[in-house]
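Quick look at my_file_11.txt (compact mmCIF, C-alpha atoms):
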```
# COMPACT_ATOMS: atom_id res chain seq x y z
CA THR A 1 0.00 0.00 0.00
CA THR A 2 1.43 3.38 -1.01
CA ILE A 3 0.56 6.39 1.13
CA SER A 4 1.60 9.93 0.28
CA SER A 5 3.84 11.47 2.92
CA ASP A 6 2.46 14.92 2.05
CA SER A 7 -0.87 13.98 3.67
CA LEU A 8 0.70 12.71 6.88
CA ARG A 9 1.58 15.46 9.34
CA LYS A 10 1.18 13.73 12.71
CA THR A 11 0.73 10.33 14.33
CA SER A 12 -3.07 10.51 14.17
CA ASP A 13 -2.88 10.99 10.37
CA TRP A 14 -0.73 7.86 10.07
CA ASP A 15 -3.16 5.85 12.20
CA ALA A 16 -6.09 7.10 10.12
CA ALA A 17 -4.30 6.22 6.89
CA LYS A 18 -3.68 2.66 8.08
CA SER A 19 -7.31 2.28 9.12
CA GLN A 20 -8.51 3.61 5.78
CA ALA A 21 -6.31 1.18 3.86
CA LEU A 22 -7.65 -1.73 5.91
CA ARG A 23 -11.28 -0.61 5.45
CA ARG A 24 -10.85 -0.41 1.68
CA LEU A 25 -9.55 -3.97 1.64
CA THR A 26 -12.21 -5.44 3.96
CA SER A 27 -15.14 -3.78 2.16
CA GLU A 28 -14.79 -5.85 -1.03
CA ARG A 29 -13.88 -9.54 -1.37
CA TYR A 30 -11.53 -9.67 1.64
CA PRO A 31 -13.52 -9.09 4.87
CA ARG A 32 -10.99 -11.17 6.85
CA ALA A 33 -8.11 -8.82 6.05
CA ARG A 34 -5.92 -7.65 8.92
CA LEU A 35 -3.05 -5.32 9.62
CA VAL A 36 0.17 -7.35 9.97
CA ASN A 37 2.89 -4.75 10.33
CA SER A 38 3.51 -1.02 9.98
CA LEU A 39 6.51 1.24 10.24
CA SER A 40 7.09 4.98 10.20
CA ASP A 41 10.74 5.95 9.69
CA VAL A 42 11.21 9.68 10.27
CA ASN A 43 14.47 11.52 9.57
CA SER A 44 13.95 14.91 11.18
CA GLU A 45 17.35 16.25 10.10
CA ALA A 46 16.68 15.52 6.42
CA GLY A 47 13.00 16.38 6.70
CA GLN A 48 12.02 13.01 5.26
CA ALA A 49 9.73 10.21 6.33
CA HIS A 50 9.12 6.72 5.00
CA TRP A 51 5.87 4.95 5.70
CA TYR A 52 5.33 1.21 5.44
CA VAL A 53 2.22 -0.88 6.05
CA GLU A 54 1.71 -4.60 5.50
CA LEU A 55 -1.77 -6.08 5.19
CA ASP A 56 -2.80 -9.72 5.06
CA SER A 57 -5.89 -10.00 2.86
CA GLY A 58 -6.72 -13.58 3.73
CA ASP A 59 -8.73 -15.67 1.29
CA PRO A 60 -11.41 -13.99 -0.81
CA VAL A 61 -14.96 -14.58 0.44
CA ARG A 62 -17.91 -15.61 -1.70
CA ILE A 63 -21.54 -15.51 -0.65
CA GLY A 64 -23.47 -18.66 0.26
CA GLU A 65 -27.05 -19.23 1.37
CA VAL A 66 -29.18 -16.65 3.19
CA ARG A 67 -30.30 -17.58 6.70
CA VAL A 68 -33.14 -15.57 8.24
CA VAL A 69 -33.25 -15.58 12.04
CA GLY A 70 -36.24 -14.37 14.06
CA HIS A 71 -39.05 -14.87 11.54
CA GLU A 72 -42.42 -16.15 12.76
CA ARG A 73 -45.30 -14.53 10.88
CA TYR A 74 -43.86 -13.56 7.51
CA ASP A 75 -42.31 -15.64 4.76
CA PRO A 76 -38.48 -15.59 5.15
CA ASP A 77 -38.17 -15.70 1.36
CA ILE A 78 -39.07 -11.98 1.42
CA ALA A 79 -35.75 -11.20 3.12
CA ARG A 80 -33.87 -13.68 0.93
CA ARG A 81 -35.17 -12.00 -2.23
CA MET A 82 -34.03 -8.58 -1.00
CA VAL A 83 -30.51 -9.94 -0.48
CA ARG A 84 -30.42 -11.42 -3.97
CA LEU A 85 -31.88 -8.26 -5.56
CA ALA A 86 -29.10 -6.26 -3.90
CA GLY A 87 -26.58 -8.26 -5.96
CA MET A 88 -25.64 -10.89 -3.41
CA GLU A 89 -26.42 -14.04 -5.35
CA VAL A 90 -24.94 -17.35 -4.23
CA GLY A 91 -21.33 -17.39 -5.40
CA ALA A 92 -20.99 -13.60 -5.69
CA ASP A 93 -18.00 -11.82 -4.16
CA TYR A 94 -18.47 -10.39 -0.68
CA SER A 95 -19.39 -6.70 -0.76
CA LEU A 96 -20.07 -4.57 2.30
CA SER A 97 -21.95 -1.96 0.27
CA ALA A 98 -24.22 -4.64 -1.26
CA LEU A 99 -24.82 -6.07 2.21
CA GLN A 100 -25.84 -2.64 3.52
CA THR A 101 -28.13 -2.15 0.52
CA ALA A 102 -29.78 -5.50 1.22
CA GLN A 103 -30.30 -4.58 4.86
CA GLN A 104 -31.96 -1.29 3.89
CA ARG A 105 -34.21 -2.97 1.30
CA ILE A 106 -35.37 -5.52 3.87
CA ALA A 107 -36.18 -2.73 6.33
CA ASP A 108 -38.09 -0.84 3.61
CA THR A 109 -40.51 -3.76 3.14
CA ALA A 110 -42.19 -2.67 6.44
CA TYR A 111 -42.46 -6.30 7.60
CA TYR A 112 -39.74 -5.81 10.20
CA SER A 113 -39.18 -3.34 13.03
CA SER A 114 -35.42 -3.98 12.99
CA VAL A 115 -32.99 -5.69 10.60
CA PHE A 116 -29.32 -6.60 10.87
CA ALA A 117 -27.55 -8.42 8.02
CA TYR A 118 -24.00 -9.73 8.02
CA ALA A 119 -21.80 -12.43 6.47
CA ASP A 120 -20.88 -15.21 8.90
CA LEU A 121 -17.11 -15.50 8.41
CA ASP A 122 -16.68 -18.37 10.85
CA ALA A 123 -15.01 -21.26 9.01
CA ASP A 124 -17.43 -23.73 10.64
CA ALA A 125 -20.40 -21.86 9.12
CA ALA A 126 -19.16 -22.13 5.52
CA ASP A 127 -20.71 -24.61 3.09
CA ALA A 128 -18.89 -27.38 1.21
CA GLN A 129 -17.60 -24.86 -1.35
CA GLY A 130 -16.26 -22.57 1.38
CA ARG A 131 -18.92 -19.90 0.81
CA ALA A 132 -19.96 -17.74 3.75
CA PRO A 133 -23.68 -17.60 4.60
CA VAL A 134 -25.48 -14.29 4.91
CA VAL A 135 -27.34 -14.08 8.23
CA VAL A 136 -30.32 -11.73 8.47
CA GLN A 137 -31.54 -11.12 12.01
CA VAL A 138 -35.02 -9.62 12.10
CA ALA A 139 -37.60 -8.46 14.60
CA GLU A 140 -41.01 -8.63 12.98
CA ALA A 141 -43.45 -5.74 12.98
CA LEU A 142 -46.99 -6.26 14.22
CA PRO A 143 -49.25 -7.49 11.40
CA GLN A 144 -51.92 -4.82 11.86
CA LYS A 145 -52.00 -1.12 12.64
CA LEU A 146 -55.03 1.12 13.19
CA VAL A 147 -54.83 4.92 13.12
CA TRP A 148 -57.83 7.19 13.60
CA GLY A 149 -58.38 10.84 14.31
CA VAL A 150 -61.10 13.43 14.86
CA GLY A 151 -61.00 17.17 14.35
CA GLY A 152 -62.82 20.06 12.78
CA SER A 153 -62.56 23.47 11.23
CA THR A 154 -64.81 26.50 10.73
CA ASP A 155 -64.53 26.01 6.96
CA SER A 156 -65.56 22.34 6.59
CA GLY A 157 -66.98 21.39 9.99
CA PRO A 158 -66.23 18.13 11.83
CA ARG A 159 -63.55 15.85 10.37
CA LEU A 160 -62.98 12.12 10.78
CA SER A 161 -60.04 10.03 9.53
CA PHE A 162 -59.45 6.29 9.72
CA GLU A 163 -56.63 4.08 8.41
CA HIS A 164 -56.08 0.34 8.73
CA ASN A 165 -52.93 -1.48 7.59
CA HIS A 166 -52.56 -5.26 7.38
CA LEU A 167 -49.13 -6.63 6.44
CA TRP A 168 -50.16 -10.25 5.91
CA VAL A 169 -53.77 -10.71 4.83
CA PRO A 170 -54.79 -14.31 5.63
CA GLY A 171 -55.09 -16.58 2.63
CA ILE A 172 -53.33 -14.38 0.05
CA HIS A 173 -50.51 -12.89 2.18
CA TRP A 174 -50.71 -9.50 0.52
CA ARG A 175 -50.39 -6.12 2.23
CA ALA A 176 -53.57 -4.08 2.45
CA ARG A 177 -54.26 -0.47 3.38
CA GLN A 178 -57.73 1.04 3.83
CA ALA A 179 -58.10 4.78 4.45
CA LEU A 180 -61.19 6.94 5.05
CA GLN A 181 -61.40 10.73 5.37
CA TRP A 182 -64.68 12.51 5.94
CA ASP A 183 -65.65 16.14 6.52
CA GLY A 184 -68.36 18.52 5.39
CA LYS A 185 -66.74 19.36 2.03
CA GLN A 186 -64.71 16.31 1.07
CA GLN A 187 -65.12 12.58 1.57
CA SER A 188 -62.70 9.94 0.28
CA LEU A 189 -62.16 6.21 0.57
CA ASN A 190 -58.98 4.47 -0.63
CA SER A 191 -58.04 0.79 -0.73
CA VAL A 192 -54.58 -0.47 -1.79
CA TRP A 193 -53.56 -4.14 -2.05
CA GLN A 194 -49.96 -5.10 -2.78
CA SER A 195 -48.27 -8.49 -3.20
CA PRO A 196 -44.73 -9.19 -1.94
CA LEU A 197 -41.90 -8.64 -4.43
CA ASP A 198 -41.12 -11.62 -6.64
CA ASP A 199 -37.67 -12.92 -7.58
CA LYS A 200 -37.30 -10.25 -10.29
CA GLY A 201 -38.31 -7.34 -8.06
CA TRP A 202 -41.89 -6.94 -9.36
CA HIS A 203 -45.14 -7.01 -7.45
CA TRP A 204 -48.85 -6.80 -8.16
CA LEU A 205 -50.71 -3.67 -7.05
CA VAL A 206 -54.46 -3.09 -6.89
CA ASP A 207 -55.59 0.44 -6.00
CA GLY A 208 -59.16 1.69 -5.79
CA SER A 209 -60.41 5.11 -4.73
CA TRP A 210 -63.70 6.95 -4.32
CA GLN A 211 -63.88 10.68 -3.65
CA ARG A 212 -66.57 13.32 -3.35
CA GLN A 213 -65.81 17.03 -3.05
CA VAL A 214 -68.21 19.94 -2.54
CA ASP A 215 -67.09 23.31 -3.94
CA GLY A 216 -69.76 25.95 -3.57
CA SER A 217 -72.81 24.70 -5.48
CA THR A 218 -70.75 22.10 -7.40
```
Before anything else, please render the file you have as structure tokens.
Amino acid sequence: TTISSDSLRKTSDWDAAKSQALRRLTSERYPRARLVNSLSDVNSEAGQAHWYVELDSGDPVRIGEVRVVGHERYDPDIARRMVRLAGMEVGADYSLSALQTAQQRIADTAYYSSVFAYADLDADAADAQGRAPVVVQVAEALPQKLVWGVGGSTDSGPRLSFEHNHLWVPGIHWRARQALQWDGKQQSLNSVWQSPLDDKGWHWLVDGSWQRQVDGST
């Protein structure tokens, strides 16, 4: 690893440079990399410094199966699909950025209140081809949520709102959202049904709405 001496003015800069070099190595393909040796040789009389760092990359890591831990209500294939759609197919090179993308996509599904994804680098966890499994630890969100409110204004009178969300409708396992808003000038009803993402990242969506609005005599 070559590090410019112009950017190193004090010991903390040297430590930061070593850490940065190690992070760059562990973020792609070589998560087991470690710092083996480093040396800073400073000649104050000549105004020169030589910097040396030795890193051991270890063996490259490829991705194996996806293991979902903590699932009870929802199909674990939902989390597995998000990992694959983030580019972490079985046999792909390890990538920290892809792993973080997968974690965020799983969280965005709304099925889980918390998500933590990582590659299990323990040699005992690897499969017959030496591939490291991806472990996704989840805490599931409650299947239903009900939100309602009441209010009013001098312009439109009393106001009522109601919203019901179901993450796992029995029988079809789709997500469903029903929303109602009602006041003296505007009334609306909306119903949205959405299937889980398939292996190619597509889903079915059914959306129906009814609305009535009073504007003067219209």
I'd like the contact shell of Arg105 of chain A - 9 Å cut-off, all atoms listed in the file, skipping same-chain residues fewer than 6 positions apart - returned as number ranges by chain. A: 79, 82-83, 85-86
Could you please take those selected residues and save C-alpha atoms as a compact mmCIF listing (two decimals), in the coordinates of the input?
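And here's out_3.txt as it stands now:
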```txt
# COMPACT_ATOMS: atom_id res chain seq x y z
CA ALA A 79 -35.75 -11.20 3.12
CA MET A 82 -34.03 -8.58 -1.00
CA VAL A 83 -30.51 -9.94 -0.48
CA LEU A 85 -31.88 -8.26 -5.56
CA ALA A 86 -29.10 -6.26 -3.90
```
Minimum-distance residue to Ser195 of chain A, chosen among A:Ala141, A:Val42, A:Leu160, A:Ile78 (using only C-alpha atoms):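 For Ser195 of chain A, the nearest of the candidates is A:Ile78.
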A:Ile172, A:Ile63, A:Leu55, A:Ala17: which is nearest Ala126 of chain A, counting all atoms listed in the file?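 Ranked by minimum distance to Ala126 of chain A, first place goes to A:Ile63.
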Nearest candidate to Val147 of chain A (options A:Glu163, A:Glu45, A:Asp183, A:Asp215; using only C-alpha atoms):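 For Val147 of chain A, the nearest of the candidates is A:Glu163.
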So, with only C-alpha atoms as the atoms that count, which of A:Met88, A:Val206, A:Ala107, A:Leu35 lies closest to Arg175 of chain A?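 Distance minimum relative to Arg175 of chain A lands on A:Val206.
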If I wrap all listed atoms of segment 94-100 of chain A in a box with edges along x, y and z and add 4 Å on each side, what are its centre and edge lengths in Å to one decimal, as lines of an AutoDock Vina configuration file?
```
center_x = -22.2
center_y = -6.2
center_z = 1.1
size_x = 15.4
size_y = 16.4
size_z = 12.8
```
Find the distance between atom CA of Leu142 of chain A and atom CA of Ser113 of chain A and write it in Å to one decimal.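 Spanning atom CA of Leu142 of chain A to atom CA of Ser113 of chain A is a straight-line distance of 8.4 Å.
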Can you tell me which residues surround segment 47-54 of chain A at a distance of at most 6 Å, considering all atoms listed in the file, apart from same-chain residues fewer than 6 positions away, and format the answer as a JSON list (two decimals) with C-alpha atoms, keeping the file's coordinate frame?
```json
[["chain", "number", "residue", "atom", "x", "y", "z"],
["A", 36, "VAL", "CA", 0.17, -7.35, 9.97],
["A", 37, "ASN", "CA", 2.89, -4.75, 10.33],
["A", 38, "SER", "CA", 3.51, -1.02, 9.98],
["A", 39, "LEU", "CA", 6.51, 1.24, 10.24],
["A", 40, "SER", "CA", 7.09, 4.98, 10.20],
["A", 41, "ASP", "CA", 10.74, 5.95, 9.69]]
```
Suppose you want the space between atom CA of His203 of chain A and atom CA of Thr101 of chain A; what is it in Å?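 These atoms are spaced 19.4 Å apart.
Counting all atoms listed in the file, Ala117 of chain A has the following residues at most 9 Å away, ignoring those fewer than 3 positions along the same chain: Leu99, Gln100, Ala102, Gln103, Val134, Val135, Val136, Gln137 and Val138 of chain A.
For the residues A:Arg131, A:Arg81, A:Arg177, A:Lys18, ranking by smallest atom-to-atom distance to Asp59 of chain A using all atoms listed in the file places A:Arg131 first.
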Exercise: residues within 7 Å of coordinate (-10.5, -2.8, 8.5), counting all atoms listed in the file, as a VMD selection string: chain A and resid 19 22 to 23 26 33 to 34
Export of the given selection (C-alpha atoms) as a PDB file, keeping the file's coordinate frame:
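Contents of the output file selection.pdb:
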```
ATOM      1  CA  SER A  19      -7.310   2.280   9.120  1.00  0.00           C
ATOM      2  CA  LEU A  22      -7.650  -1.730   5.910  1.00  0.00           C
ATOM      3  CA  ARG A  23     -11.280  -0.610   5.450  1.00  0.00           C
ATOM      4  CA  THR A  26     -12.210  -5.440   3.960  1.00  0.00           C
ATOM      5  CA  ALA A  33      -8.110  -8.820   6.050  1.00  0.00           C
ATOM      6  CA  ARG A  34      -5.920  -7.650   8.920  1.00  0.00           C
TER       7      ARG A  34
END
```
Can you pull out every residue within 12 Å of Ala123 of chain A, counting all atoms listed in the file, but drop anything in the same chain fewer than 4 positions away, and send it as a ChimeraX atom specification? /A:32,59,61,119,127-133
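In this model, the gap between atom CA of Ser191 of chain A and atom CA of Thr109 of chain A comes to 18.5 Å.
Closest approach to Ala98 of chain A among A:Ser27, A:Asp77, A:Pro143, A:Gly157 is made by A:Ser27 (distances from only C-alpha atoms).
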Generate N, CA and C atoms for segment 32-46 of chain A and emit them as a CSV table (one decimal), in the coordinates of the input.
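Ended up saving to rebuild34.csv:
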```
chain,number,residue,atom,x,y,z
A,32,ARG,N,-11.8,-10.6,5.8
A,32,ARG,CA,-11.0,-11.2,6.8
A,32,ARG,C,-9.6,-10.5,6.9
A,33,ALA,N,-9.4,-9.5,6.1
A,33,ALA,CA,-8.1,-8.8,6.0
A,33,ALA,C,-7.7,-8.2,7.4
A,34,ARG,N,-6.4,-8.2,7.7
A,34,ARG,CA,-5.9,-7.6,8.9
A,34,ARG,C,-4.6,-6.9,8.7
A,35,LEU,N,-4.3,-6.1,9.6
A,35,LEU,CA,-3.0,-5.3,9.6
A,35,LEU,C,-2.0,-6.2,10.2
A,36,VAL,N,-0.9,-6.5,9.5
A,36,VAL,CA,0.2,-7.4,10.0
A,36,VAL,C,1.3,-6.5,10.6
A,37,ASN,N,1.7,-5.5,9.9
A,37,ASN,CA,2.9,-4.8,10.3
A,37,ASN,C,2.8,-3.3,9.8
A,38,SER,N,3.4,-2.4,10.5
A,38,SER,CA,3.5,-1.0,10.0
A,38,SER,C,4.8,-0.4,10.6
A,39,LEU,N,5.3,0.6,9.8
A,39,LEU,CA,6.5,1.2,10.2
A,39,LEU,C,6.5,2.7,9.7
A,40,SER,N,6.9,3.6,10.6
A,40,SER,CA,7.1,5.0,10.2
A,40,SER,C,8.5,5.3,10.6
A,41,ASP,N,9.3,5.6,9.5
A,41,ASP,CA,10.7,6.0,9.7
A,41,ASP,C,10.9,7.4,9.4
A,42,VAL,N,11.1,8.2,10.4
A,42,VAL,CA,11.2,9.7,10.3
A,42,VAL,C,12.6,10.2,10.5
A,43,ASN,N,13.2,10.9,9.5
A,43,ASN,CA,14.5,11.5,9.6
A,43,ASN,C,14.2,13.0,9.7
A,44,SER,N,14.3,13.5,10.9
A,44,SER,CA,14.0,14.9,11.2
A,44,SER,C,15.0,15.8,10.6
A,45,GLU,N,16.3,15.4,10.6
A,45,GLU,CA,17.4,16.2,10.1
A,45,GLU,C,17.2,16.5,8.6
A,46,ALA,N,16.8,15.4,7.9
A,46,ALA,CA,16.7,15.5,6.4
A,46,ALA,C,15.3,16.0,6.0
```
